[in-house]
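All remarks here apply to the structure that follows.
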Amino acid sequence: MRVLVVEDEQQLAATIAEGLQAEGFDVDVVHDGLDGLWRARENSYAAIVLDILLPGMNGYKVCRTLRADDVWTPILMLTAKDGEEDEAEALDTGADDFLSKPFSFLVLVARLRALLRRGATPRPAVLEVGSLTLDPATRACARHDEPISLTAREFALLELLMRRSDAVVSKRDLIDEVWGPDFAGDPNIVEVYVGYLRKKIDTPFDLQTIQTVRGAGYRLLPDA
Ligand code: CA
């Protein structure tokens with residue numbers, strides 16, 4: 001079992017690596033967030049131990065980027081503070097578990113083994129575009145933290161627009177992804193549903209974030 005350790009404190013990284021090797025793991029160590037991201041994408045690790053404060057790219061960003069790229073390797077995040085905020089943020093970015101520094105090596109191994117038993121579980125990170133948030137795991141949507149109730153179809157449509165925010169998403173792509181490639185009905189169904197979405201995510205907030213790009217499709221813009 002190969003484990004990636006991303007930790008810039010050289011002494012701590014070496015200690016973790018030696019300990020894990022003694023437990024029978026193969027260990028790769030990098031000291032930089034960008035290296036960590038690159039390694040995690042290029043190799044198939046059983047788990048990743050990821051520090052938060054790192055040169056190059058911080059651990060939150062590394063985690064979020066991996067999840068956005070559909071890399072679901074279990075991630076144990078090392079938080080520097082005990083603050084609840086840190087922990088909540090670690091989990092929000094798609095980490096599977098966290099451990100506050102300083103930690104005992106036995107606890108690290110126990111947590112890591114628990115993650116390995118569970119394996120890679122797709123748990124998409126919360127999507128954010130401006131004040132709009134969408135959590136594919138809990139299926140919750142909110143604007144300025146105010147909950148918005150969506151039907152399954154509206155949710156799927158908004159999720160795709162949010163995943164590709166800033167880009168124009170064609171009507172064809174929306175139909176393929178939301179209604180399925182076999183959909184044989186009236187393609188104007190997309191306009192109807194975009195209208196429903198606007199009434200829920202824009203109109204009550206006096207916003208116009210879903211742009212119609214004539215002849216091309218739709219684009220979701222951040223409101224701030
Ligand atoms: Ca660090």
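Ordered as shown in the structure tokens, chains take letters A, B, and onward, while each chain numbers its residues from 1 and ligands are numbered from 1 in the order shown.
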Name all residues at most 10 Å from Asp51 in chain A (count only C-alpha atoms; drop same-chain ones fewer than 3 positions away) and give them as an mmCIF file with all heavy atoms, in the first residue's frame.
data_model
loop_
_atom_site.group_PDB
_atom_site.id
_atom_site.type_symbol
_atom_site.label_atom_id
_atom_site.label_comp_id
_atom_site.auth_asym_id
_atom_site.auth_seq_id
_atom_site.Cartn_x
_atom_site.Cartn_y
_atom_site.Cartn_z
ATOM 1 N N VAL A 5 2.656 11.460 1.536
ATOM 2 C CA VAL A 5 2.698 12.404 2.656
ATOM 3 C C VAL A 5 3.100 13.767 2.108
ATOM 4 O O VAL A 5 4.158 13.911 1.493
ATOM 5 C CB VAL A 5 3.705 11.938 3.739
ATOM 6 C CG1 VAL A 5 3.832 12.986 4.847
ATOM 7 C CG2 VAL A 5 3.275 10.592 4.330
ATOM 8 N N VAL A 6 2.234 14.768 2.290
ATOM 9 C CA VAL A 6 2.519 16.130 1.835
ATOM 10 C C VAL A 6 2.654 16.993 3.077
ATOM 11 O O VAL A 6 1.662 17.356 3.719
ATOM 12 C CB VAL A 6 1.397 16.682 0.919
ATOM 13 C CG1 VAL A 6 1.828 17.992 0.268
ATOM 14 C CG2 VAL A 6 0.989 15.660 -0.137
ATOM 15 N N GLU A 7 3.863 17.292 3.448
ATOM 16 C CA GLU A 7 4.145 18.008 4.703
ATOM 17 C C GLU A 7 5.451 18.765 4.532
ATOM 18 O O GLU A 7 6.464 18.182 4.161
ATOM 19 C CB GLU A 7 4.234 16.974 5.848
ATOM 20 C CG GLU A 7 4.794 17.490 7.157
ATOM 21 C CD GLU A 7 3.974 18.621 7.743
ATOM 22 O OE1 GLU A 7 2.916 18.340 8.321
ATOM 23 O OE2 GLU A 7 4.406 19.787 7.618
ATOM 24 N N ASP A 8 5.413 20.085 4.777
ATOM 25 C CA ASP A 8 6.615 20.885 4.523
ATOM 26 C C ASP A 8 7.576 20.918 5.707
ATOM 27 O O ASP A 8 8.721 21.324 5.553
ATOM 28 C CB ASP A 8 6.228 22.315 4.110
ATOM 29 C CG ASP A 8 5.419 23.031 5.166
ATOM 30 O OD1 ASP A 8 4.539 22.374 5.775
ATOM 31 O OD2 ASP A 8 5.667 24.220 5.390
ATOM 32 N N GLU A 9 7.108 20.527 6.895
ATOM 33 C CA GLU A 9 8.054 20.460 8.024
ATOM 34 C C GLU A 9 8.849 19.173 7.841
ATOM 35 O O GLU A 9 8.338 18.074 8.057
ATOM 36 C CB GLU A 9 7.304 20.438 9.356
ATOM 37 C CG GLU A 9 6.638 21.762 9.696
ATOM 38 C CD GLU A 9 5.588 21.600 10.803
ATOM 39 O OE1 GLU A 9 5.923 21.071 11.874
ATOM 40 O OE2 GLU A 9 4.439 21.981 10.566
ATOM 41 N N ALA A 13 7.743 15.349 8.511
ATOM 42 C CA ALA A 13 7.506 14.511 7.333
ATOM 43 C C ALA A 13 8.343 13.230 7.413
ATOM 44 O O ALA A 13 7.848 12.140 7.149
ATOM 45 C CB ALA A 13 7.834 15.291 6.057
ATOM 46 N N HIS A 31 7.208 18.058 -0.120
ATOM 47 C CA HIS A 31 7.169 19.158 0.852
ATOM 48 C C HIS A 31 6.440 20.381 0.308
ATOM 49 O O HIS A 31 6.495 21.451 0.885
ATOM 50 C CB HIS A 31 8.594 19.549 1.256
ATOM 51 C CG HIS A 31 9.408 18.386 1.745
ATOM 52 N ND1 HIS A 31 9.133 17.760 2.944
ATOM 53 C CD2 HIS A 31 10.445 17.712 1.202
ATOM 54 C CE1 HIS A 31 9.994 16.760 3.118
ATOM 55 N NE2 HIS A 31 10.798 16.706 2.066
ATOM 56 N N ASP A 32 5.768 20.227 -0.812
ATOM 57 C CA ASP A 32 5.178 21.369 -1.489
ATOM 58 C C ASP A 32 3.785 20.976 -2.001
ATOM 59 O O ASP A 32 3.600 19.852 -2.478
ATOM 60 C CB ASP A 32 6.116 21.721 -2.662
ATOM 61 C CG ASP A 32 5.595 22.866 -3.514
ATOM 62 O OD1 ASP A 32 4.687 22.625 -4.332
ATOM 63 O OD2 ASP A 32 6.100 23.984 -3.355
ATOM 64 N N GLY A 33 2.828 21.891 -1.883
ATOM 65 C CA GLY A 33 1.451 21.580 -2.274
ATOM 66 C C GLY A 33 1.307 21.230 -3.745
ATOM 67 O O GLY A 33 0.577 20.310 -4.100
ATOM 68 N N ILE A 48 -3.716 9.668 1.297
ATOM 69 C CA ILE A 48 -2.835 10.841 1.299
ATOM 70 C C ILE A 48 -2.917 11.505 2.673
ATOM 71 O O ILE A 48 -4.010 11.714 3.196
ATOM 72 C CB ILE A 48 -3.267 11.867 0.218
ATOM 73 C CG1 ILE A 48 -3.233 11.223 -1.175
ATOM 74 C CG2 ILE A 48 -2.383 13.119 0.264
ATOM 75 C CD1 ILE A 48 -3.894 12.064 -2.260
ATOM 76 N N LEU A 54 1.107 24.944 3.394
ATOM 77 C CA LEU A 54 2.172 24.397 2.556
ATOM 78 C C LEU A 54 2.638 25.453 1.566
ATOM 79 O O LEU A 54 1.837 26.276 1.133
ATOM 80 C CB LEU A 54 1.627 23.218 1.728
ATOM 81 C CG LEU A 54 1.233 21.929 2.428
ATOM 82 C CD1 LEU A 54 0.395 21.085 1.506
ATOM 83 C CD2 LEU A 54 2.481 21.178 2.876
ATOM 84 N N ASN A 58 -1.927 25.562 -0.823
ATOM 85 C CA ASN A 58 -2.286 25.045 0.497
ATOM 86 C C ASN A 58 -3.115 23.766 0.400
ATOM 87 O O ASN A 58 -3.655 23.419 -0.653
ATOM 88 C CB ASN A 58 -2.956 26.134 1.354
ATOM 89 C CG ASN A 58 -4.379 26.430 0.929
ATOM 90 O OD1 ASN A 58 -5.168 25.525 0.641
ATOM 91 N ND2 ASN A 58 -4.705 27.713 0.889
ATOM 92 N N GLY A 59 -3.179 23.048 1.533
ATOM 93 C CA GLY A 59 -3.826 21.739 1.568
ATOM 94 C C GLY A 59 -5.299 21.779 1.184
ATOM 95 O O GLY A 59 -5.799 20.870 0.533
ATOM 96 N N TYR A 60 -6.010 22.850 1.603
ATOM 97 C CA TYR A 60 -7.421 22.973 1.237
ATOM 98 C C TYR A 60 -7.564 22.965 -0.283
ATOM 99 O O TYR A 60 -8.406 22.306 -0.845
ATOM 100 C CB TYR A 60 -8.010 24.300 1.743
ATOM 101 C CG TYR A 60 -8.133 24.454 3.228
ATOM 102 C CD1 TYR A 60 -7.764 25.644 3.851
ATOM 103 C CD2 TYR A 60 -8.648 23.430 4.023
ATOM 104 C CE1 TYR A 60 -7.905 25.823 5.215
ATOM 105 C CE2 TYR A 60 -8.783 23.596 5.393
ATOM 106 C CZ TYR A 60 -8.413 24.801 5.984
ATOM 107 O OH TYR A 60 -8.543 24.971 7.327
ATOM 108 N N VAL A 62 -5.379 21.961 -2.563
ATOM 109 C CA VAL A 62 -4.960 20.678 -3.144
ATOM 110 C C VAL A 62 -6.133 19.705 -3.089
ATOM 111 O O VAL A 62 -6.486 19.058 -4.079
ATOM 112 C CB VAL A 62 -3.757 20.082 -2.373
ATOM 113 C CG1 VAL A 62 -3.454 18.668 -2.843
ATOM 114 C CG2 VAL A 62 -2.517 20.977 -2.547
ATOM 115 N N LEU A 76 -6.348 12.301 4.673
ATOM 116 C CA LEU A 76 -6.303 12.650 6.094
ATOM 117 C C LEU A 76 -5.594 13.991 6.179
ATOM 118 O O LEU A 76 -4.416 14.105 5.829
ATOM 119 C CB LEU A 76 -5.538 11.580 6.875
ATOM 120 C CG LEU A 76 -5.353 11.830 8.371
ATOM 121 C CD1 LEU A 76 -6.685 11.891 9.096
ATOM 122 C CD2 LEU A 76 -4.487 10.738 8.979
ATOM 123 N N MET A 77 -6.308 15.028 6.614
ATOM 124 C CA MET A 77 -5.720 16.358 6.621
ATOM 125 C C MET A 77 -5.161 16.674 8.006
ATOM 126 O O MET A 77 -5.783 16.366 9.020
ATOM 127 C CB MET A 77 -6.788 17.370 6.236
ATOM 128 C CG MET A 77 -6.229 18.564 5.505
ATOM 129 S SD MET A 77 -7.549 19.650 4.942
ATOM 130 C CE MET A 77 -7.501 19.318 3.208
ATOM 131 N N LEU A 78 -3.990 17.271 8.015
ATOM 132 C CA LEU A 78 -3.358 17.646 9.278
ATOM 133 C C LEU A 78 -3.671 19.108 9.553
ATOM 134 O O LEU A 78 -3.247 19.987 8.800
ATOM 135 C CB LEU A 78 -1.844 17.447 9.187
ATOM 136 C CG LEU A 78 -1.391 16.027 8.829
ATOM 137 C CD1 LEU A 78 0.129 15.974 8.746
ATOM 138 C CD2 LEU A 78 -1.908 15.011 9.840
ATOM 139 N N THR A 79 -4.455 19.386 10.581
ATOM 140 C CA THR A 79 -4.791 20.770 10.893
ATOM 141 C C THR A 79 -3.843 21.279 11.970
ATOM 142 O O THR A 79 -3.510 20.546 12.905
ATOM 143 C CB THR A 79 -6.257 20.895 11.368
ATOM 144 O OG1 THR A 79 -6.448 20.083 12.514
ATOM 145 C CG2 THR A 79 -7.216 20.434 10.294
ATOM 146 N N ALA A 80 -3.433 22.537 11.815
ATOM 147 C CA ALA A 80 -2.441 23.089 12.736
ATOM 148 C C ALA A 80 -3.093 23.551 14.029
ATOM 149 O O ALA A 80 -2.535 23.410 15.102
ATOM 150 C CB ALA A 80 -1.704 24.238 12.079
ATOM 151 N N PHE A 98 -9.564 14.402 9.636
ATOM 152 C CA PHE A 98 -8.508 15.364 9.952
ATOM 153 C C PHE A 98 -7.905 14.986 11.282
ATOM 154 O O PHE A 98 -8.509 14.245 12.069
ATOM 155 C CB PHE A 98 -9.072 16.785 10.019
ATOM 156 C CG PHE A 98 -10.223 16.906 10.956
ATOM 157 C CD1 PHE A 98 -10.020 17.062 12.318
ATOM 158 C CD2 PHE A 98 -11.524 16.805 10.499
ATOM 159 C CE1 PHE A 98 -11.084 17.126 13.195
ATOM 160 C CE2 PHE A 98 -12.593 16.859 11.377
ATOM 161 C CZ PHE A 98 -12.367 17.027 12.727
ATOM 162 N N LEU A 99 -6.726 15.496 11.503
ATOM 163 C CA LEU A 99 -6.004 15.212 12.728
ATOM 164 C C LEU A 99 -5.320 16.510 13.138
ATOM 165 O O LEU A 99 -4.670 17.155 12.318
ATOM 166 C CB LEU A 99 -4.962 14.129 12.412
ATOM 167 C CG LEU A 99 -4.339 13.344 13.542
ATOM 168 C CD1 LEU A 99 -5.412 12.682 14.403
ATOM 169 C CD2 LEU A 99 -3.421 12.271 12.960
ATOM 170 N N LYS A 101 -2.609 18.829 14.928
ATOM 171 C CA LYS A 101 -1.232 18.764 15.420
ATOM 172 C C LYS A 101 -1.168 19.384 16.805
ATOM 173 O O LYS A 101 -1.851 20.387 17.033
ATOM 174 C CB LYS A 101 -0.309 19.574 14.495
ATOM 175 C CG LYS A 101 -0.089 18.970 13.129
ATOM 176 C CD LYS A 101 0.915 19.867 12.415
ATOM 177 C CE LYS A 101 1.003 19.551 10.948
ATOM 178 N NZ LYS A 101 1.837 20.509 10.227
#
Who sits within 12 Å of Arg219 in chain A, only C-alpha atoms, same chain under 5 positions skipped, as an MDAnalysis selection string: chainID A and resid 129 157:158 160:171 174 194 208:214
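DSSP on the backbone gives strand (DSSP E) for these parts of range 38-188 of chain A: Ala47, Ile48, Val49, Leu50, Asp51, Ile75, Leu76, Met77, Leu78, Thr79, Asp97, Phe98, Leu99, Ser100, Leu127, Glu128, Val129, Leu132, Thr133, Leu134, Asp135, Ala140, Cys141, Ala142, Arg143, Glu146, Pro147 and Ile148 of chain A.
Considering the residues A:Leu50, A:Ala40, A:Ala17, A:Val27 and counting only C-alpha atoms and all ligand atoms, ligand 1 has its shortest atom-to-atom contact with A:Leu50.
For Asp186 in chain A, the list of residues within 12 Å, based on only C-alpha atoms and with local chain neighbours fewer than 6 positions off taken out, reads Lys171, Arg172, Ile175, Trp179 and Val192 of chain A.
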Can those selected residues be exported to a file as a PDB file, in the first residue's frame so that it contains N, CA, C and O atoms?
ATOM      1  N   LYS A 171     -26.940  24.269 -24.968  1.00  0.00           N
ATOM      2  CA  LYS A 171     -28.215  23.636 -24.683  1.00  0.00           C
ATOM      3  C   LYS A 171     -28.088  22.113 -24.866  1.00  0.00           C
ATOM      4  O   LYS A 171     -28.622  21.330 -24.114  1.00  0.00           O
ATOM      5  N   ARG A 172     -27.331  21.730 -25.903  1.00  0.00           N
ATOM      6  CA  ARG A 172     -27.140  20.301 -26.176  1.00  0.00           C
ATOM      7  C   ARG A 172     -26.474  19.588 -24.986  1.00  0.00           C
ATOM      8  O   ARG A 172     -26.887  18.520 -24.568  1.00  0.00           O
ATOM      9  N   ILE A 175     -28.907  19.232 -22.149  1.00  0.00           N
ATOM     10  CA  ILE A 175     -29.870  18.150 -22.381  1.00  0.00           C
ATOM     11  C   ILE A 175     -29.205  16.793 -22.163  1.00  0.00           C
ATOM     12  O   ILE A 175     -29.719  15.935 -21.462  1.00  0.00           O
ATOM     13  N   TRP A 179     -31.035  15.564 -19.017  1.00  0.00           N
ATOM     14  CA  TRP A 179     -32.169  14.752 -19.459  1.00  0.00           C
ATOM     15  C   TRP A 179     -31.702  13.421 -20.063  1.00  0.00           C
ATOM     16  O   TRP A 179     -32.489  12.534 -20.297  1.00  0.00           O
ATOM     17  N   VAL A 192     -37.289  26.420 -20.300  1.00  0.00           N
ATOM     18  CA  VAL A 192     -38.325  26.353 -19.272  1.00  0.00           C
ATOM     19  C   VAL A 192     -37.673  26.149 -17.903  1.00  0.00           C
ATOM     20  O   VAL A 192     -37.971  26.856 -16.940  1.00  0.00           O
TER      21      VAL A 192
END
Considering only C-alpha atoms, return as a count of residues only whatever protein or nucleic-acid residues lie within 12 Å of Glu23 in chain A, sequence-local ones (same chain, fewer than 6 positions apart) excluded. 12
As an NGL selection string, list the residues of range 38-215 of chain A assigned to helix (DSSP H, G or I) by DSSP on the backbone atoms of this structure. :A and (38-42 or 59-68 or 84-92 or 105-118 or 152-163 or 171-179 or 189-205)
Let me see the file: selected residues, C-alpha atoms, as a PDB file, in the first residue's frame.
ATOM      1  CA  TRP A  38       0.905  16.498  -9.199  1.00  0.00           C
ATOM      2  CA  ARG A  39       1.864  13.235  -7.469  1.00  0.00           C
ATOM      3  CA  ALA A  40      -1.684  12.546  -6.317  1.00  0.00           C
ATOM      4  CA  ARG A  41      -2.956  12.970  -9.868  1.00  0.00           C
ATOM      5  CA  GLU A  42      -0.237  10.913 -11.529  1.00  0.00           C
ATOM      6  CA  GLY A  59      -3.826  21.739   1.568  1.00  0.00           C
ATOM      7  CA  TYR A  60      -7.421  22.973   1.237  1.00  0.00           C
ATOM      8  CA  LYS A  61      -6.795  23.927  -2.379  1.00  0.00           C
ATOM      9  CA  VAL A  62      -4.960  20.678  -3.144  1.00  0.00           C
ATOM     10  CA  CYS A  63      -7.872  18.700  -1.715  1.00  0.00           C
ATOM     11  CA  ARG A  64     -10.544  20.732  -3.488  1.00  0.00           C
ATOM     12  CA  THR A  65      -8.675  20.491  -6.800  1.00  0.00           C
ATOM     13  CA  LEU A  66      -8.277  16.717  -6.537  1.00  0.00           C
ATOM     14  CA  ARG A  67     -11.960  16.228  -5.751  1.00  0.00           C
ATOM     15  CA  ALA A  68     -12.941  18.538  -8.598  1.00  0.00           C
ATOM     16  CA  GLU A  84     -13.517  23.968  14.800  1.00  0.00           C
ATOM     17  CA  GLU A  85     -13.336  26.197  11.767  1.00  0.00           C
ATOM     18  CA  ASP A  86     -10.249  24.452  10.473  1.00  0.00           C
ATOM     19  CA  GLU A  87     -11.840  21.063  10.821  1.00  0.00           C
ATOM     20  CA  ALA A  88     -15.093  22.070   9.206  1.00  0.00           C
ATOM     21  CA  GLU A  89     -13.184  23.629   6.348  1.00  0.00           C
ATOM     22  CA  ALA A  90     -11.054  20.505   5.918  1.00  0.00           C
ATOM     23  CA  LEU A  91     -14.175  18.388   5.545  1.00  0.00           C
ATOM     24  CA  ASP A  92     -15.853  20.972   3.298  1.00  0.00           C
ATOM     25  CA  PHE A 105       1.745   8.508  15.778  1.00  0.00           C
ATOM     26  CA  LEU A 106      -0.506   5.672  16.973  1.00  0.00           C
ATOM     27  CA  VAL A 107      -3.570   7.818  16.381  1.00  0.00           C
ATOM     28  CA  LEU A 108      -2.317   8.742  12.914  1.00  0.00           C
ATOM     29  CA  VAL A 109      -1.889   5.076  11.979  1.00  0.00           C
ATOM     30  CA  ALA A 110      -5.290   4.142  13.424  1.00  0.00           C
ATOM     31  CA  ARG A 111      -7.035   6.925  11.470  1.00  0.00           C
ATOM     32  CA  LEU A 112      -5.164   6.022   8.322  1.00  0.00           C
ATOM     33  CA  ARG A 113      -6.097   2.354   8.616  1.00  0.00           C
ATOM     34  CA  ALA A 114      -9.746   3.315   9.139  1.00  0.00           C
ATOM     35  CA  LEU A 115      -9.623   5.388   5.934  1.00  0.00           C
ATOM     36  CA  LEU A 116      -7.973   2.562   4.018  1.00  0.00           C
ATOM     37  CA  ARG A 117     -10.678   0.146   5.109  1.00  0.00           C
ATOM     38  CA  ARG A 118     -13.314   2.579   3.888  1.00  0.00           C
ATOM     39  CA  ALA A 152     -33.996  16.900  -8.877  1.00  0.00           C
ATOM     40  CA  ARG A 153     -33.974  18.246 -12.431  1.00  0.00           C
ATOM     41  CA  GLU A 154     -33.314  21.829 -11.328  1.00  0.00           C
ATOM     42  CA  PHE A 155     -30.543  20.580  -9.071  1.00  0.00           C
ATOM     43  CA  ALA A 156     -28.846  18.671 -11.908  1.00  0.00           C
ATOM     44  CA  LEU A 157     -29.120  21.672 -14.222  1.00  0.00           C
ATOM     45  CA  LEU A 158     -27.684  24.076 -11.660  1.00  0.00           C
ATOM     46  CA  GLU A 159     -24.909  21.658 -10.723  1.00  0.00           C
ATOM     47  CA  LEU A 160     -23.715  21.514 -14.319  1.00  0.00           C
ATOM     48  CA  LEU A 161     -23.857  25.311 -14.710  1.00  0.00           C
ATOM     49  CA  MET A 162     -21.906  25.710 -11.461  1.00  0.00           C
ATOM     50  CA  ARG A 163     -19.269  23.130 -12.409  1.00  0.00           C
ATOM     51  CA  LYS A 171     -28.215  23.636 -24.683  1.00  0.00           C
ATOM     52  CA  ARG A 172     -27.140  20.301 -26.176  1.00  0.00           C
ATOM     53  CA  ASP A 173     -24.716  19.626 -23.298  1.00  0.00           C
ATOM     54  CA  LEU A 174     -27.381  20.524 -20.770  1.00  0.00           C
ATOM     55  CA  ILE A 175     -29.870  18.150 -22.381  1.00  0.00           C
ATOM     56  CA  ASP A 176     -27.301  15.334 -22.604  1.00  0.00           C
ATOM     57  CA  GLU A 177     -26.266  15.684 -18.974  1.00  0.00           C
ATOM     58  CA  VAL A 178     -29.562  16.529 -17.322  1.00  0.00           C
ATOM     59  CA  TRP A 179     -32.169  14.752 -19.459  1.00  0.00           C
ATOM     60  CA  ILE A 189     -37.378  22.305 -22.133  1.00  0.00           C
ATOM     61  CA  VAL A 190     -33.998  23.775 -21.155  1.00  0.00           C
ATOM     62  CA  GLU A 191     -35.350  27.330 -21.362  1.00  0.00           C
ATOM     63  CA  VAL A 192     -38.325  26.353 -19.272  1.00  0.00           C
ATOM     64  CA  TYR A 193     -36.086  24.918 -16.558  1.00  0.00           C
ATOM     65  CA  VAL A 194     -33.638  27.807 -16.695  1.00  0.00           C
ATOM     66  CA  GLY A 195     -36.695  29.972 -16.061  1.00  0.00           C
ATOM     67  CA  TYR A 196     -37.614  27.900 -12.995  1.00  0.00           C
ATOM     68  CA  LEU A 197     -34.053  28.221 -11.714  1.00  0.00           C
ATOM     69  CA  ARG A 198     -33.993  31.991 -12.217  1.00  0.00           C
ATOM     70  CA  LYS A 199     -37.164  32.300 -10.135  1.00  0.00           C
ATOM     71  CA  LYS A 200     -35.440  30.462  -7.306  1.00  0.00           C
ATOM     72  CA  ILE A 201     -31.792  31.522  -7.329  1.00  0.00           C
ATOM     73  CA  ASP A 202     -31.980  35.022  -8.870  1.00  0.00           C
ATOM     74  CA  THR A 203     -35.357  36.790  -8.715  1.00  0.00           C
ATOM     75  CA  PRO A 204     -35.826  36.671  -4.907  1.00  0.00           C
ATOM     76  CA  PHE A 205     -32.336  38.162  -4.510  1.00  0.00           C
TER      77      PHE A 205
END
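A straight line drawn from CA of Asn188 in chain A to CA of Gly217 in chain A is 11.5 Å long.
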Give me the residues near Cys141 in chain A as a PyMOL selection string, where near means some atom within 10 Å (using only C-alpha atoms) and where sequence neighbours in that chain fewer than 4 positions away do not count. chain A and resi 126-128+132-136+145-150+155+158-159+201
The selected residues should be written to file as a PDB file, in the first residue's frame (atoms: C-alpha atoms).
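Below you can see result-v2.pdb, which holds the result:
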ATOM      1  CA  VAL A 126     -19.438  21.926  -2.090  1.00  0.00           C
ATOM      2  CA  LEU A 127     -19.719  24.025  -5.243  1.00  0.00           C
ATOM      3  CA  GLU A 128     -19.598  27.801  -4.879  1.00  0.00           C
ATOM      4  CA  LEU A 132     -24.538  30.591  -4.312  1.00  0.00           C
ATOM      5  CA  THR A 133     -23.589  27.199  -2.842  1.00  0.00           C
ATOM      6  CA  LEU A 134     -24.563  23.684  -3.843  1.00  0.00           C
ATOM      7  CA  ASP A 135     -23.606  20.539  -1.954  1.00  0.00           C
ATOM      8  CA  PRO A 136     -23.858  17.473  -4.194  1.00  0.00           C
ATOM      9  CA  ASP A 145     -26.811  30.928   3.429  1.00  0.00           C
ATOM     10  CA  GLU A 146     -30.555  31.093   2.771  1.00  0.00           C
ATOM     11  CA  PRO A 147     -31.730  27.592   1.790  1.00  0.00           C
ATOM     12  CA  ILE A 148     -33.269  27.162  -1.665  1.00  0.00           C
ATOM     13  CA  SER A 149     -35.392  24.138  -2.438  1.00  0.00           C
ATOM     14  CA  LEU A 150     -34.803  22.582  -5.873  1.00  0.00           C
ATOM     15  CA  PHE A 155     -30.543  20.580  -9.071  1.00  0.00           C
ATOM     16  CA  LEU A 158     -27.684  24.076 -11.660  1.00  0.00           C
ATOM     17  CA  GLU A 159     -24.909  21.658 -10.723  1.00  0.00           C
ATOM     18  CA  ILE A 201     -31.792  31.522  -7.329  1.00  0.00           C
TER      19      ILE A 201
END
Which residues come within 7 Å of Ser131 in chain A, counting only C-alpha atoms, excluding same-chain residues fewer than 3 positions away, as an mmCIF file with all heavy atoms, in the first residue's frame?
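For reference, out_2.cif as written:
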data_model
loop_
_atom_site.group_PDB
_atom_site.id
_atom_site.type_symbol
_atom_site.label_atom_id
_atom_site.label_comp_id
_atom_site.auth_asym_id
_atom_site.auth_seq_id
_atom_site.Cartn_x
_atom_site.Cartn_y
_atom_site.Cartn_z
ATOM 1 N N ARG A 143 -28.371 30.529 -1.136
ATOM 2 C CA ARG A 143 -27.778 31.795 -1.577
ATOM 3 C C ARG A 143 -27.683 32.655 -0.328
ATOM 4 O O ARG A 143 -28.667 32.782 0.399
ATOM 5 C CB ARG A 143 -28.670 32.440 -2.652
ATOM 6 C CG ARG A 143 -28.386 33.870 -2.915
ATOM 7 C CD ARG A 143 -27.678 34.281 -4.174
ATOM 8 N NE ARG A 143 -28.127 33.889 -5.470
ATOM 9 C CZ ARG A 143 -27.264 33.768 -6.502
ATOM 10 N NH1 ARG A 143 -25.953 33.931 -6.299
ATOM 11 N NH2 ARG A 143 -27.705 33.447 -7.693
ATOM 12 N N HIS A 144 -26.525 33.228 -0.064
ATOM 13 C CA HIS A 144 -26.282 33.981 1.176
ATOM 14 C C HIS A 144 -26.725 33.158 2.382
ATOM 15 O O HIS A 144 -27.365 33.676 3.305
ATOM 16 C CB HIS A 144 -27.040 35.313 1.168
ATOM 17 C CG HIS A 144 -26.519 36.273 0.145
ATOM 18 N ND1 HIS A 144 -25.233 36.762 0.136
ATOM 19 C CD2 HIS A 144 -27.133 36.825 -0.939
ATOM 20 C CE1 HIS A 144 -25.064 37.575 -0.887
ATOM 21 N NE2 HIS A 144 -26.196 37.634 -1.563
ATOM 22 N N ASP A 223 -22.254 36.575 -8.437
ATOM 23 C CA ASP A 223 -22.968 37.828 -8.203
ATOM 24 C C ASP A 223 -22.082 38.859 -7.529
ATOM 25 O O ASP A 223 -22.475 39.983 -7.333
ATOM 26 C CB ASP A 223 -24.209 37.586 -7.353
ATOM 27 C CG ASP A 223 -23.907 36.802 -6.081
ATOM 28 O OD1 ASP A 223 -23.181 35.803 -6.179
ATOM 29 O OD2 ASP A 223 -24.386 37.182 -5.014
#
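For the choices A:Leu34, A:Thr93, A:Leu53, A:Gln10, the atom-to-atom distance to ligand 1 is smallest for A:Leu53 when using only C-alpha atoms and all ligand atoms.
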For a test of reading the model, state the distance in Å between CA of Tyr45 in chain A and CA of Gly19 in chain A, rounded to one decimal. 17.3 Å
